[in-house]
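Accompanying notes for the structure given below.
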Amino acid sequence: MFRKWKTACGALALGAWAILSVMPGAVADDSKPDGIDYAMYFMSEAKDAEQCSMSVVEDTLVVSPEISNPAMTCPDMSAWKLFTEVIQDRFWRNWASDDQVWPSQPYGMCEPGETGPDCCAPGAENPGYDSDTPAAHCPYYPGDHLEEGESLTRTGRALSKAHSTNMTQAIGHSVHPTRSDIDPGRVARQEMAEIVQRNKPMFDYIFEHNLYNTQGLADAFKANARNIDRNAPYRVGDGKLAKLDLPVQSIMIKSNWLLEEQAQELGFEQDNDHPYITMTIDKKEEDRFGEKIQPGTYWLVAMHVSSKDTPNWVWATFEHVDNPGRCDYTGCNDSYGFASADDLPEGAADNYTAPHQTSDDLATPQQVFEHGQPYDSGPINPELEDILVDLDIATEPGSDEPRITDRAWRSYRLKGSQVEFTDSMGRATYLGNSVTEGGFMNSASCISCHARAGTDGVADSKPPQMPLGVFENRLNVTGYQQSNSGVPNPAWYHTSGQPPELQVLQTDFSWGFMHAAPIEK
């Protein structure tokens, strides 16, 4: 798989590439690869087919007609397509955040055709929509209500509770860990404000199917359990969801923001070459979990983008190019957007940036990971450059608030994409962000983690339980819990008895349902 714009190796056959790329990240000499190099070989395969290409046609990004299934055939290109599309849609302004999809004091659904002061109706002006907290009682989609130029009050949450284990409050700490075995990304992770947002098709599905409150989620669990018990082998809707199946147009974004003062304290720099997207988070309020976010100017350091272009979703994670440790542990793999800056062997594919290594300096020395250092970037794919210019993305100096034209969007790099639990040889695939998954990036798998998102539906009078969780009972050498990777275990969801009793209802790869609150009226 070669970039069409990398002409030096355009004539090499695929078999020759496989041999030449056996030394990812090694210097261009005859030195023998080490243990890290051999392990990274299985991380370095280019994801996109050679034919992957797209262009702007009448202001719309169009994939080459040669590609019938871009999400599977060209996942890296699809990741950059998503990147441009969510920016065009101004996700930071228009999309609904978790606290707007799942109100903290929800009212029940109105009867069909009705609206009222104490119930919620999709598409209506619902209770609380004119207040400072428009989603206090009913789901609220900002893009449906904000006038052009109208400011949006943003509430940043502390670290996603799905990614949290015994989290302590880090905001306001003036002293940060200096231990050499703590990743810089882990420190940033504990201090960031996280905003998870969902597009209109996903928002509408959750609202219209009454999944914005605990009782509605419990009803969905009961309907699925009843279906197995009474209707197998058939799946009967009977007015209820036979499965939580979000629409194929669904996209969700998890963006990670560092308060400017904290970013500077941690060594992040706002420079002219690689500026950060900045935004004001102006809501200082305890959420229902008791965490606080300090208001101020925040820098975008990382973001996950997930779309349901495949049934198991397309997973892509982006980081600011200057994030320390950006390609640690697993490397960075981008076969479409930006080339690797590694000193590659002659003829090697340039999609992979290998993690930094150093000697352990023991009596019998061995190469080990050197983490927390910056990684250079190679040049942008001219095709992507043309797309950004044609769509007027990242073409002008930035401002204090995100804009489509803000040149700072050029500072972000694709860490990698993921569409399958394993590769064709059965090896688990991995994808993690140095900030979002700081401390467990070496075991992170977006697709495997989100497959565990589900509810047991036991109680409908309290927030739903997420019985599987992100973390397993295994640790890395520093003691951080590690996440799941590889193929899900069917026993997580159903018993093996007759009938196969439902234990955990998958929430279609979305952890957000854990924010559902009970209707109390």
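Scheme for the structure tokens: letters A, B, ... for chains in order shown; per-chain residue numbers from 1; ligand numbers from 1 in order shown.
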
| task | Would you kindly return, as a ChimeraX atom specification, each protein, DNA or RNA residue with an atom no farther than 6 Å from any atom of stretch 197-206 of chain A, considering only C-alpha atoms and excluding same-chain residues fewer than 3 positions away? | result | /A:95-97,209,211,250-253

Selection from above, N, CA and C atoms, as a PDB file, in the first residue's frame, can you write it?
ATOM      1  N   TRP A  95     -23.498  20.201  17.945  1.00  0.00           N
ATOM      2  CA  TRP A  95     -23.829  18.853  18.391  1.00  0.00           C
ATOM      3  C   TRP A  95     -24.166  18.823  19.877  1.00  0.00           C
ATOM      4  N   ALA A  96     -24.931  17.817  20.272  1.00  0.00           N
ATOM      5  CA  ALA A  96     -25.390  17.699  21.655  1.00  0.00           C
ATOM      6  C   ALA A  96     -24.358  16.969  22.505  1.00  0.00           C
ATOM      7  N   SER A  97     -23.991  17.561  23.629  1.00  0.00           N
ATOM      8  CA  SER A  97     -23.082  16.926  24.568  1.00  0.00           C
ATOM      9  C   SER A  97     -23.854  15.945  25.452  1.00  0.00           C
ATOM     10  N   HIS A 209     -36.754   7.301  20.818  1.00  0.00           N
ATOM     11  CA  HIS A 209     -36.969   5.962  21.366  1.00  0.00           C
ATOM     12  C   HIS A 209     -36.939   5.946  22.895  1.00  0.00           C
ATOM     13  N   LEU A 211     -34.798   6.776  25.122  1.00  0.00           N
ATOM     14  CA  LEU A 211     -33.595   6.223  25.734  1.00  0.00           C
ATOM     15  C   LEU A 211     -32.795   7.280  26.484  1.00  0.00           C
ATOM     16  N   SER A 250     -24.978   7.912  12.373  1.00  0.00           N
ATOM     17  CA  SER A 250     -24.539   8.351  13.699  1.00  0.00           C
ATOM     18  C   SER A 250     -23.035   8.619  13.733  1.00  0.00           C
ATOM     19  N   ILE A 251     -22.673   9.718  14.391  1.00  0.00           N
ATOM     20  CA  ILE A 251     -21.270  10.051  14.648  1.00  0.00           C
ATOM     21  C   ILE A 251     -21.176  10.581  16.072  1.00  0.00           C
ATOM     22  N   MET A 252     -20.159  10.163  16.796  1.00  0.00           N
ATOM     23  CA  MET A 252     -19.915  10.709  18.130  1.00  0.00           C
ATOM     24  C   MET A 252     -18.458  11.140  18.230  1.00  0.00           C
ATOM     25  N   ILE A 253     -18.245  12.205  18.987  1.00  0.00           N
ATOM     26  CA  ILE A 253     -16.913  12.786  19.154  1.00  0.00           C
ATOM     27  C   ILE A 253     -16.620  12.937  20.634  1.00  0.00           C
TER      28      ILE A 253
END

At most 7 Å is the cut-off: for each residue in stretch 73-101 of chain A with any atom that close to an atom of stretch 405-423 of chain A, write down the nearest atom pair and the distance in Å rounded to one decimal, counting only C-alpha atoms, chain first then increasing number, as CSV.
residue,atom,partner,partner_atom,distance
A:Pro75,CA,A:Ser417,CA,6.1
A:Asp76,CA,A:Ser417,CA,5.8
A:Ala79,CA,A:Ser417,CA,6.8

In stretch 43-228 of chain A, what's alpha helix (DSSP H) per DSSP? Answer as a VMD selection string? chain A and resid 70 to 73 75 to 88 91 to 94 98 to 101 184 to 191 200 to 208 214 to 228

Check your understanding: So, counting only C-alpha atoms, which residue among A:Thr495, A:Phe207, A:Val196, A:Pro65 is closest to A:Cys120?
Key ->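 The closest residue to A:Cys120 is A:Phe207.
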
| request: Please indicate the distance in Å from atom CA of A:Gly296 to atom CA of A:Gln264, rounded to one decimal place. | output: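 Between atom CA of A:Gly296 and atom CA of A:Gln264 the gap is 13.6 Å.
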
Restricting to only C-alpha atoms, whichever of A:Ile36, A:Val477, A:Ala339, A:Ile87 is closest to A:Leu391 is A:Ile87

Atom CA of A:Ala121 sits from atom CA of A:His137 at a separation of 11.1 Å

Neighbour list for A:Asp392 as a list in words, cut-off 10 Å, only C-alpha atoms, skip fewer than 4 positions in-chain:
Asp59, Gln88, Asp386, Ile387, Leu388, Glu396, Ile404, Thr405, Asp406 and Arg407 of chain A

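Take the candidates A:Pro490, A:Gly439, A:Pro247, A:Pro374 and check each one against A:Leu505 using only C-alpha atoms; the shortest distance goes to A:Pro490.
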
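The two atoms in question, atom CA of A:Ala516 and atom CA of A:Ser483, are spaced 23.5 Å apart.
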
| Picked from stretch 263-459 of chain A by DSSP as strand (DSSP E or B), as an MDAnalysis selection string | chainID A and resid 278:281 296:307 314:320 332:333 338 352:353 357:359 367:369 380 396 406 412:418 422 428 431 445 454:455

(request) Using only C-alpha atoms, determine which residues lie at most 12 Å from stretch 110-114 of chain A, disregarding the query and same-chain residues fewer than 4 positions distant; provide the list as a PyMOL selection string. (result) chain A and resi 106+118-127+138+207-208+210

Take the residues from that selection and write them out as a PDB file, in the first residue's frame, keeping N, CA and C atoms.
ATOM      1  N   PRO A 106     -34.786  14.326  34.222  1.00  0.00           N
ATOM      2  CA  PRO A 106     -35.625  14.142  33.035  1.00  0.00           C
ATOM      3  C   PRO A 106     -37.116  14.051  33.344  1.00  0.00           C
ATOM      4  N   ASP A 118     -44.659  19.424  31.646  1.00  0.00           N
ATOM      5  CA  ASP A 118     -43.953  18.441  32.465  1.00  0.00           C
ATOM      6  C   ASP A 118     -43.692  17.142  31.706  1.00  0.00           C
ATOM      7  N   CYS A 119     -43.547  17.235  30.387  1.00  0.00           N
ATOM      8  CA  CYS A 119     -43.191  16.065  29.583  1.00  0.00           C
ATOM      9  C   CYS A 119     -42.361  16.527  28.393  1.00  0.00           C
ATOM     10  N   CYS A 120     -41.730  15.599  27.698  1.00  0.00           N
ATOM     11  CA  CYS A 120     -40.810  15.901  26.608  1.00  0.00           C
ATOM     12  C   CYS A 120     -41.358  15.366  25.291  1.00  0.00           C
ATOM     13  N   ALA A 121     -41.243  16.155  24.237  1.00  0.00           N
ATOM     14  CA  ALA A 121     -41.713  15.759  22.909  1.00  0.00           C
ATOM     15  C   ALA A 121     -40.629  16.066  21.882  1.00  0.00           C
ATOM     16  N   PRO A 122     -40.146  15.066  21.135  1.00  0.00           N
ATOM     17  CA  PRO A 122     -39.151  15.341  20.094  1.00  0.00           C
ATOM     18  C   PRO A 122     -39.650  16.392  19.107  1.00  0.00           C
ATOM     19  N   GLY A 123     -38.794  17.350  18.809  1.00  0.00           N
ATOM     20  CA  GLY A 123     -39.134  18.384  17.848  1.00  0.00           C
ATOM     21  C   GLY A 123     -39.893  19.556  18.424  1.00  0.00           C
ATOM     22  N   ALA A 124     -40.227  19.520  19.713  1.00  0.00           N
ATOM     23  CA  ALA A 124     -40.995  20.608  20.328  1.00  0.00           C
ATOM     24  C   ALA A 124     -40.083  21.519  21.136  1.00  0.00           C
ATOM     25  N   GLU A 125     -40.639  22.666  21.518  1.00  0.00           N
ATOM     26  CA  GLU A 125     -39.948  23.554  22.456  1.00  0.00           C
ATOM     27  C   GLU A 125     -40.241  23.036  23.859  1.00  0.00           C
ATOM     28  N   ASN A 126     -39.340  22.265  24.379  1.00  0.00           N
ATOM     29  CA  ASN A 126     -39.605  21.551  25.619  1.00  0.00           C
ATOM     30  C   ASN A 126     -39.291  22.375  26.855  1.00  0.00           C
ATOM     31  N   PRO A 127     -39.763  21.933  28.018  1.00  0.00           N
ATOM     32  CA  PRO A 127     -39.532  22.672  29.268  1.00  0.00           C
ATOM     33  C   PRO A 127     -38.053  22.920  29.529  1.00  0.00           C
ATOM     34  N   CYS A 138     -35.321  17.867  29.397  1.00  0.00           N
ATOM     35  CA  CYS A 138     -35.550  17.198  28.116  1.00  0.00           C
ATOM     36  C   CYS A 138     -34.294  17.293  27.252  1.00  0.00           C
ATOM     37  N   PHE A 207     -33.655  10.277  21.587  1.00  0.00           N
ATOM     38  CA  PHE A 207     -34.823  11.004  22.076  1.00  0.00           C
ATOM     39  C   PHE A 207     -36.114  10.289  21.665  1.00  0.00           C
ATOM     40  N   GLU A 208     -36.245   9.997  20.389  1.00  0.00           N
ATOM     41  CA  GLU A 208     -37.488   9.438  19.875  1.00  0.00           C
ATOM     42  C   GLU A 208     -37.793   8.043  20.419  1.00  0.00           C
ATOM     43  N   ASN A 210     -37.049   7.138  23.482  1.00  0.00           N
ATOM     44  CA  ASN A 210     -37.169   7.235  24.945  1.00  0.00           C
ATOM     45  C   ASN A 210     -35.989   6.602  25.679  1.00  0.00           C
TER      46      ASN A 210
END

| request: Would you mind telling me which residue in A:Asn351, A:Phe221, A:Met109, A:Val301 lies nearest to A:Glu194 when using only C-alpha atoms? | output: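 The closest residue to A:Glu194 is A:Val301.
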
Nearby residues (only C-alpha atoms) at most 12 Å from A:Ala135, same-chain spacing under 3 positions excluded, as a list in words:
Ala96, Ser97, Asp98, Asp99, Gln100, Val101, Trp102, Pro103, Ser104, Gln105, Pro106, Tyr107, Cys120, Glu125, Asn126, Pro127, Gly128, Tyr129, Asp130, Ser131, Asp132, Cys138, Pro139, Tyr140, Tyr141, Pro142, Thr153, Thr155 and Tyr212 of chain A

Among A:Thr297, A:Asn224, A:Asn381, A:Asn69, A:Tyr336 is approached most closely, using only C-alpha atoms, by A:Asn381

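Nearest residue to A:Arg326, choosing from A:Ser377, A:Thr364, A:Thr478, A:Ser68 and counting only C-alpha atoms: A:Ser377.
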